[in-house]
$ cat protein_39.txt   # compact mmCIF, C-alpha atoms
# COMPACT_ATOMS: atom_id res chain seq x y z
CA MET A 6 -3.48 15.97 -36.93
CA GLU A 7 -3.98 15.37 -40.64
CA THR A 8 -6.27 17.92 -42.28
CA ALA A 9 -8.29 17.81 -45.47
CA PRO A 10 -6.88 19.39 -48.65
CA LEU A 11 -7.98 22.96 -49.33
CA VAL A 12 -9.58 23.74 -52.69
CA LEU A 13 -10.01 27.45 -53.50
CA LEU A 14 -12.26 28.71 -56.29
CA HIS A 15 -11.57 32.12 -57.78
CA ALA A 16 -13.70 35.23 -58.27
CA PHE A 17 -15.01 36.72 -61.50
CA PRO A 18 -13.56 37.92 -63.87
CA PHE A 19 -10.29 36.25 -62.88
CA ASP A 20 -8.55 32.89 -62.89
CA SER A 21 -6.61 30.83 -60.37
CA ARG A 22 -3.86 33.46 -60.19
CA LEU A 23 -6.18 35.32 -57.81
CA TRP A 24 -4.78 32.98 -55.15
CA ASP A 25 -1.07 33.60 -55.84
CA GLY A 26 -0.65 35.68 -52.68
CA VAL A 27 -1.93 32.93 -50.36
CA ARG A 28 -0.24 29.91 -51.93
CA ASP A 29 2.80 29.76 -49.68
CA LEU A 30 0.77 29.76 -46.46
CA LEU A 31 -2.33 27.82 -47.49
CA LYS A 32 -0.94 25.32 -50.05
CA PRO A 33 -4.29 25.22 -51.86
CA ILE A 34 -5.51 23.41 -54.94
CA THR A 35 -6.74 26.17 -57.26
CA PRO A 36 -8.52 25.07 -60.44
CA ASP A 37 -9.45 27.48 -63.19
CA GLN A 38 -13.22 27.66 -63.59
CA ARG A 39 -14.00 27.40 -67.28
CA GLY A 40 -17.33 26.89 -68.99
CA GLY A 41 -16.08 26.25 -72.50
CA ASP A 42 -18.91 25.61 -74.94
CA ARG A 43 -21.16 24.05 -72.31
CA SER A 44 -24.49 25.38 -71.11
CA PRO A 45 -24.01 28.39 -68.76
CA ASP A 46 -24.79 26.76 -65.42
CA LEU A 47 -22.52 26.83 -62.36
CA VAL A 48 -23.33 23.14 -61.78
CA THR A 49 -21.09 22.53 -64.80
CA ILE A 50 -18.10 23.87 -62.87
CA ALA A 51 -19.22 22.15 -59.67
CA ASP A 52 -19.05 18.84 -61.52
CA ASP A 53 -15.54 19.76 -62.70
CA VAL A 54 -14.52 20.31 -59.08
CA LEU A 55 -15.90 16.94 -58.01
CA ARG A 56 -14.14 15.30 -60.96
CA LEU A 57 -10.88 16.94 -59.86
CA LEU A 58 -11.29 15.49 -56.36
CA ASP A 59 -11.87 12.06 -57.87
CA GLU A 60 -8.80 12.35 -60.09
CA ARG A 61 -6.65 13.27 -57.10
CA GLY A 62 -8.10 10.59 -54.86
CA ILE A 63 -9.51 13.16 -52.44
CA GLU A 64 -12.53 11.89 -50.55
CA ARG A 65 -13.29 15.15 -48.71
CA ALA A 66 -11.87 18.67 -49.02
CA VAL A 67 -12.20 22.02 -47.34
CA LEU A 68 -13.88 24.00 -50.10
CA GLY A 69 -13.40 27.73 -50.38
CA GLY A 70 -14.54 30.34 -52.83
CA CYS A 71 -14.30 34.08 -53.35
CA SER A 72 -17.31 35.80 -54.94
CA MET A 73 -18.21 33.62 -57.97
CA GLY A 74 -16.09 30.89 -56.42
CA GLY A 75 -18.45 30.94 -53.46
CA TYR A 76 -21.38 30.40 -55.81
CA VAL A 77 -19.57 27.40 -57.28
CA ALA A 78 -18.90 26.05 -53.78
CA MET A 79 -22.64 26.24 -53.09
CA ALA A 80 -23.29 24.39 -56.35
CA VAL A 81 -20.90 21.66 -55.17
CA LEU A 82 -22.91 21.41 -51.96
CA ARG A 83 -26.04 20.92 -54.05
CA ARG A 84 -24.33 18.14 -55.98
CA ASP A 85 -22.59 16.22 -53.21
CA PRO A 86 -22.25 17.74 -49.73
CA SER A 87 -20.55 14.57 -48.47
CA ARG A 88 -17.35 15.67 -50.24
CA VAL A 89 -17.07 18.91 -48.23
CA ALA A 90 -15.22 18.74 -44.89
CA GLY A 91 -15.31 22.48 -44.28
CA LEU A 92 -16.37 25.65 -46.06
CA VAL A 93 -14.74 29.05 -46.64
CA LEU A 94 -17.02 31.64 -48.20
CA ALA A 95 -15.27 34.93 -49.00
CA ASP A 96 -17.00 38.04 -50.31
CA THR A 97 -19.98 36.14 -51.67
CA ARG A 98 -23.68 35.75 -51.02
CA ALA A 99 -26.28 33.01 -50.75
CA GLY A 100 -29.08 34.80 -52.58
CA ALA A 101 -29.86 34.75 -56.28
CA ASP A 102 -29.57 37.92 -58.35
CA ALA A 103 -32.37 40.45 -58.26
CA ASP A 104 -33.84 41.40 -61.65
CA GLU A 105 -31.62 44.46 -62.11
CA ALA A 106 -28.42 42.60 -61.24
CA ARG A 107 -29.37 39.77 -63.58
CA ALA A 108 -30.03 42.20 -66.41
CA ASN A 109 -26.68 43.89 -65.79
CA ARG A 110 -24.88 40.57 -66.00
CA LEU A 111 -26.56 39.67 -69.28
CA GLY A 112 -25.80 43.12 -70.65
CA MET A 113 -22.14 42.78 -69.76
CA ALA A 114 -21.99 39.32 -71.33
CA ALA A 115 -23.36 40.67 -74.60
CA ARG A 116 -21.00 43.66 -74.62
CA VAL A 117 -17.94 41.51 -73.88
CA GLU A 118 -18.84 39.22 -76.75
CA ALA A 119 -19.16 42.23 -79.04
CA GLU A 120 -16.20 44.32 -77.86
CA GLY A 121 -13.85 42.06 -75.89
CA VAL A 122 -12.59 42.72 -72.35
CA GLY A 123 -10.56 45.88 -72.94
CA TRP A 124 -13.24 48.10 -71.37
CA VAL A 125 -13.89 45.86 -68.36
CA PRO A 126 -11.09 47.00 -65.98
CA ASP A 127 -12.23 50.63 -66.11
CA ALA A 128 -15.80 49.52 -65.46
CA VAL A 129 -15.23 47.22 -62.49
CA THR A 130 -11.87 47.78 -60.75
CA ALA A 131 -12.90 50.61 -58.43
CA GLY A 132 -15.88 48.59 -57.19
CA LEU A 133 -13.76 45.55 -56.45
CA LEU A 134 -11.22 47.18 -54.13
CA GLY A 135 -11.14 49.14 -50.90
CA PRO A 136 -11.05 52.96 -50.72
CA ARG A 137 -7.25 53.21 -50.71
CA PRO A 138 -5.93 50.30 -52.76
CA ASP A 139 -2.25 49.75 -53.34
CA GLU A 140 -1.27 50.73 -56.88
CA ALA A 141 0.39 47.36 -57.41
CA VAL A 142 -2.91 45.66 -56.56
CA VAL A 143 -4.78 47.90 -59.02
CA ARG A 144 -2.28 47.01 -61.75
CA ARG A 145 -2.61 43.31 -60.95
CA VAL A 146 -6.40 43.44 -61.09
CA ARG A 147 -6.27 45.12 -64.50
CA GLU A 148 -3.67 42.66 -65.77
CA LEU A 149 -5.67 39.62 -64.72
CA ILE A 150 -8.92 40.90 -66.19
CA LEU A 151 -7.29 41.80 -69.51
CA GLY A 152 -5.90 38.26 -69.68
CA GLN A 153 -9.34 36.63 -69.71
CA ASP A 154 -11.05 35.01 -72.68
CA PRO A 155 -14.10 37.11 -73.59
CA ALA A 156 -16.14 33.98 -74.26
CA GLU A 157 -15.42 32.71 -70.75
CA VAL A 158 -16.27 36.08 -69.19
CA ALA A 159 -19.62 36.06 -70.99
CA TRP A 160 -20.24 32.42 -70.01
CA ALA A 161 -19.57 33.14 -66.35
CA GLN A 162 -21.89 36.14 -66.28
CA ARG A 163 -24.74 34.12 -67.79
CA ALA A 164 -24.11 31.24 -65.40
CA MET A 165 -24.13 33.54 -62.37
CA ALA A 166 -27.29 35.25 -63.61
CA ALA A 167 -29.03 31.86 -63.68
CA ARG A 168 -27.92 30.64 -60.27
CA PRO A 169 -30.61 29.82 -57.67
CA ASP A 170 -30.88 31.03 -54.10
CA SER A 171 -28.69 28.79 -51.92
CA THR A 172 -29.80 29.86 -48.46
CA ASP A 173 -31.50 26.50 -47.87
CA VAL A 174 -28.37 24.69 -49.01
CA LEU A 175 -26.21 26.56 -46.51
CA ALA A 176 -28.72 26.00 -43.71
CA ASP A 177 -28.26 22.25 -44.17
CA VAL A 178 -24.44 22.36 -44.06
CA ASP A 179 -23.23 20.49 -40.98
CA VAL A 180 -19.49 21.20 -41.22
CA PRO A 181 -17.32 24.05 -39.92
CA ALA A 182 -17.68 27.17 -42.05
CA LEU A 183 -15.79 30.46 -42.24
CA VAL A 184 -17.40 33.56 -43.73
CA LEU A 185 -14.80 36.18 -44.69
CA VAL A 186 -15.52 39.66 -46.01
CA GLY A 187 -13.71 42.91 -46.64
CA GLU A 188 -14.71 45.85 -44.45
CA HIS A 189 -15.38 47.97 -47.55
CA ASP A 190 -16.91 45.28 -49.78
CA THR A 191 -19.77 47.09 -51.53
CA LEU A 192 -20.77 44.16 -53.77
CA THR A 193 -21.36 41.64 -50.98
CA PRO A 194 -21.21 43.87 -47.90
CA PRO A 195 -20.45 42.82 -44.32
CA ALA A 196 -24.14 42.89 -43.34
CA LEU A 197 -24.88 40.19 -45.92
CA ALA A 198 -21.86 38.19 -44.81
CA ARG A 199 -23.06 38.28 -41.20
CA GLU A 200 -26.47 37.04 -42.28
CA MET A 201 -24.85 34.18 -44.18
CA ALA A 202 -22.71 33.24 -41.17
CA ASP A 203 -25.87 33.16 -39.07
CA VAL A 204 -27.58 30.82 -41.54
CA LEU A 205 -24.75 28.30 -41.26
CA ARG A 206 -24.98 25.89 -38.33
CA HIS A 207 -21.28 26.20 -37.56
CA GLY A 208 -20.55 29.55 -39.16
CA GLU A 209 -17.79 31.89 -38.04
CA TYR A 210 -17.53 35.49 -39.24
CA VAL A 211 -14.29 37.39 -39.94
CA GLU A 212 -14.07 40.90 -41.35
CA LEU A 213 -10.80 42.11 -42.87
CA ALA A 214 -10.09 45.78 -42.27
CA GLY A 215 -9.41 48.31 -44.99
CA VAL A 216 -10.15 46.18 -48.04
CA GLY A 217 -12.96 45.55 -50.49
CA HIS A 218 -14.37 42.64 -52.46
CA LEU A 219 -11.14 40.88 -53.44
CA THR A 220 -9.81 40.02 -49.98
CA PRO A 221 -7.32 37.31 -51.08
CA LEU A 222 -5.77 39.69 -53.59
CA GLU A 223 -5.87 42.91 -51.57
CA ALA A 224 -4.98 41.42 -48.17
CA PRO A 225 -3.43 38.00 -48.88
CA ASP A 226 -1.56 37.62 -45.58
CA ALA A 227 -4.58 38.57 -43.48
CA PHE A 228 -6.77 36.28 -45.56
CA ALA A 229 -4.39 33.33 -45.28
CA HIS A 230 -3.89 33.73 -41.54
CA ALA A 231 -7.65 34.02 -40.98
CA VAL A 232 -8.14 30.72 -42.81
CA LEU A 233 -5.25 29.01 -41.00
CA ASP A 234 -6.47 30.17 -37.59
CA TRP A 235 -10.00 28.99 -38.35
CA ARG A 236 -8.78 25.61 -39.57
CA ARG A 237 -6.82 25.10 -36.36
CA ARG A 238 -9.84 25.99 -34.24
CA ALA A 239 -12.24 23.94 -36.34
CA GLY A 240 -9.94 20.95 -36.73
CA VAL A 241 -10.35 20.71 -40.52

$ encode --input "protein_39.txt" --output "structure tokens"
Amino acid sequence: METAPLVLLHAFPFDSRLWDGVRDLLKPITPDQRGGDRSPDLVTIADDVLRLLDERGIERAVLGGCSMGGYVAMAVLRRDPSRVAGLVLADTRAGADADEARANRLGMAARVEAEGVGWVPDAVTAGLLGPRPDEAVVRRVRELILGQDPAEVAWAQRAMAARPDSTDVLADVDVPALVLVGEHDTLTPPALAREMADVLRHGEYVELAGVGHLTPLEAPDAFAHAVLDWRRRAGV
């Protein structure tokens, strides 16, 4: 049976290399999400994703996202749900930021613009990974963050701070959906992931043991096999 192409959208503050560990098994399309000098709104990136599908002649795709990538996937659903054949939401949430989280994002954006990204790995790495991360994973997280453009990091934070609640959008989704989360994800914890899976009409919940917020980076084989198994069951 022919299946739809898989498009995977990366987390913040990373780029498409977040998906390197799952490429061999999943064969995904992995665009970099860049705001450039455009207004900080995740719909901007959603439109880029739809344009990419058009350029590749893809009518419908299985759309997946980790963390910020999940927010972009929800923005795509707002724009044109007819292009989405299936949904993979990893370590993300449907709700908008609370006031404190929004203020923290805007504060980080301002500091990155003033100081660059050199301080960011020390500030965020521990919160992104499980309690006993592999040292190679820690090094990779730091390397990827330090390779980011400060202007893009600031843009992404402002865009995420402005995003709306998407619970109603997910409730209307009438395609197979997989909700994946790390057992020790403290940023978008399993309880929130279960709630999101329950909102989806055809939602399935999978929890990956021992890892945190960056499941495709910390447990790439488990992540890839969870997606493959779900696609076989769901027929997408």

$ closest_residue --input "protein_39.txt" --among "A:Leu31, A:Leu192, A:Leu47, A:Leu183" --to "Val93 of chain A" --atoms "all atoms listed in the file"
A:Leu183

$ residues_around --input "protein_39.txt" --residues "Gly132 of chain A" --least-positions-apart "4" --cutoff "12 Å" --atoms "all atoms listed in the file" --output "list in words"
Val125, Pro126, Asp127, Ala128, Pro136, Arg137, Pro138, Val143, Val146, His189, Asp190, Thr191, Leu192, Thr193, Pro194, Val216, Gly217, His218 and Leu219 of chain A

$ residues_around --input "protein_39.txt" --residues "Ser87 of chain A" --least-positions-apart "4" --cutoff "12 Å" --atoms "only C-alpha atoms" --output "PyMOL selection string"
chain A and resi 55+63-68+81-83+91+177-180

$ atom_distance --input "protein_39.txt" --atom1 "atom CA of Ala101 of chain A" --atom2 "atom CA of Tyr76 of chain A"
9.5 Å

$ closest_residue --input "protein_39.txt" --among "A:Glu118, A:Asp20, A:Glu188, A:Glu223" --to "Trp160 of chain A" --atoms "all atoms listed in the file"
A:Glu118

$ residues_near_point --input "protein_39.txt" --point "(-12.8, 38.3, -59.3)" --cutoff "10 Å" --atoms "all atoms listed in the file" --output "PDB file with C-alpha atoms, keeping the file's coordinate frame"
ATOM      1  CA  HIS A  15     -11.570  32.120 -57.780  1.00  0.00           C
ATOM      2  CA  ALA A  16     -13.700  35.230 -58.270  1.00  0.00           C
ATOM      3  CA  PHE A  17     -15.010  36.720 -61.500  1.00  0.00           C
ATOM      4  CA  PRO A  18     -13.560  37.920 -63.870  1.00  0.00           C
ATOM      5  CA  PHE A  19     -10.290  36.250 -62.880  1.00  0.00           C
ATOM      6  CA  ASP A  20      -8.550  32.890 -62.890  1.00  0.00           C
ATOM      7  CA  SER A  21      -6.610  30.830 -60.370  1.00  0.00           C
ATOM      8  CA  LEU A  23      -6.180  35.320 -57.810  1.00  0.00           C
ATOM      9  CA  CYS A  71     -14.300  34.080 -53.350  1.00  0.00           C
ATOM     10  CA  SER A  72     -17.310  35.800 -54.940  1.00  0.00           C
ATOM     11  CA  MET A  73     -18.210  33.620 -57.970  1.00  0.00           C
ATOM     12  CA  GLY A  74     -16.090  30.890 -56.420  1.00  0.00           C
ATOM     13  CA  ASP A  96     -17.000  38.040 -50.310  1.00  0.00           C
ATOM     14  CA  VAL A 129     -15.230  47.220 -62.490  1.00  0.00           C
ATOM     15  CA  THR A 130     -11.870  47.780 -60.750  1.00  0.00           C
ATOM     16  CA  LEU A 133     -13.760  45.550 -56.450  1.00  0.00           C
ATOM     17  CA  VAL A 146      -6.400  43.440 -61.090  1.00  0.00           C
ATOM     18  CA  LEU A 149      -5.670  39.620 -64.720  1.00  0.00           C
ATOM     19  CA  ILE A 150      -8.920  40.900 -66.190  1.00  0.00           C
ATOM     20  CA  HIS A 218     -14.370  42.640 -52.460  1.00  0.00           C
ATOM     21  CA  LEU A 219     -11.140  40.880 -53.440  1.00  0.00           C
ATOM     22  CA  THR A 220      -9.810  40.020 -49.980  1.00  0.00           C
ATOM     23  CA  PRO A 221      -7.320  37.310 -51.080  1.00  0.00           C
ATOM     24  CA  LEU A 222      -5.770  39.690 -53.590  1.00  0.00           C
TER      25      LEU A 222
END

$ closest_residue --input "protein_39.txt" --among "A:Gly187, A:Gly41, A:Gly75, A:Pro225" --to "Asp25 of chain A" --atoms "all atoms listed in the file"
A:Pro225

$ residues_around --input "protein_39.txt" --residues "segment 38-40 of chain A" --least-positions-apart "5" --cutoff "7 Å" --atoms "all atoms listed in the file" --output "PyMOL selection string"
chain A and resi 45+50+157+160

$ closest_residue --input "protein_39.txt" --among "A:Gly208, A:Gly62, A:Gly70, A:Gly240" --to "Leu175 of chain A" --atoms "all atoms listed in the file"
A:Gly208

$ atom_distance --input "protein_39.txt" --atom1 "atom CA of Gln153 of chain A" --atom2 "atom CA of Val122 of chain A"
7.4 Å

$ closest_residue --input "protein_39.txt" --among "A:Leu205, A:Val174, A:Ala167, A:Ala156" --to "Asp104 of chain A" --atoms "all atoms listed in the file"
A:Ala167

$ atom_distance --input "protein_39.txt" --atom1 "atom CA of Glu120 of chain A" --atom2 "atom CA of Asp154 of chain A"
11.8 Å

$ residues_near_point --input "protein_39.txt" --point "(-0.9, 34.8, -43.3)" --cutoff "12 Å" --atoms "all atoms listed in the file" --output "VMD selection string"
chain A and resid 26 to 32 221 224 to 235

$ write_last_selection --input "protein_39.txt" --atoms "C-alpha atoms" --output "mmCIF file, in the coordinates of the input"
data_model
loop_
_atom_site.group_PDB
_atom_site.id
_atom_site.type_symbol
_atom_site.label_atom_id
_atom_site.label_comp_id
_atom_site.auth_asym_id
_atom_site.auth_seq_id
_atom_site.Cartn_x
_atom_site.Cartn_y
_atom_site.Cartn_z
ATOM 1 C CA GLY A 26 -0.650 35.680 -52.680
ATOM 2 C CA VAL A 27 -1.930 32.930 -50.360
ATOM 3 C CA ARG A 28 -0.240 29.910 -51.930
ATOM 4 C CA ASP A 29 2.800 29.760 -49.680
ATOM 5 C CA LEU A 30 0.770 29.760 -46.460
ATOM 6 C CA LEU A 31 -2.330 27.820 -47.490
ATOM 7 C CA LYS A 32 -0.940 25.320 -50.050
ATOM 8 C CA PRO A 221 -7.320 37.310 -51.080
ATOM 9 C CA ALA A 224 -4.980 41.420 -48.170
ATOM 10 C CA PRO A 225 -3.430 38.000 -48.880
ATOM 11 C CA ASP A 226 -1.560 37.620 -45.580
ATOM 12 C CA ALA A 227 -4.580 38.570 -43.480
ATOM 13 C CA PHE A 228 -6.770 36.280 -45.560
ATOM 14 C CA ALA A 229 -4.390 33.330 -45.280
ATOM 15 C CA HIS A 230 -3.890 33.730 -41.540
ATOM 16 C CA ALA A 231 -7.650 34.020 -40.980
ATOM 17 C CA VAL A 232 -8.140 30.720 -42.810
ATOM 18 C CA LEU A 233 -5.250 29.010 -41.000
ATOM 19 C CA ASP A 234 -6.470 30.170 -37.590
ATOM 20 C CA TRP A 235 -10.000 28.990 -38.350
#
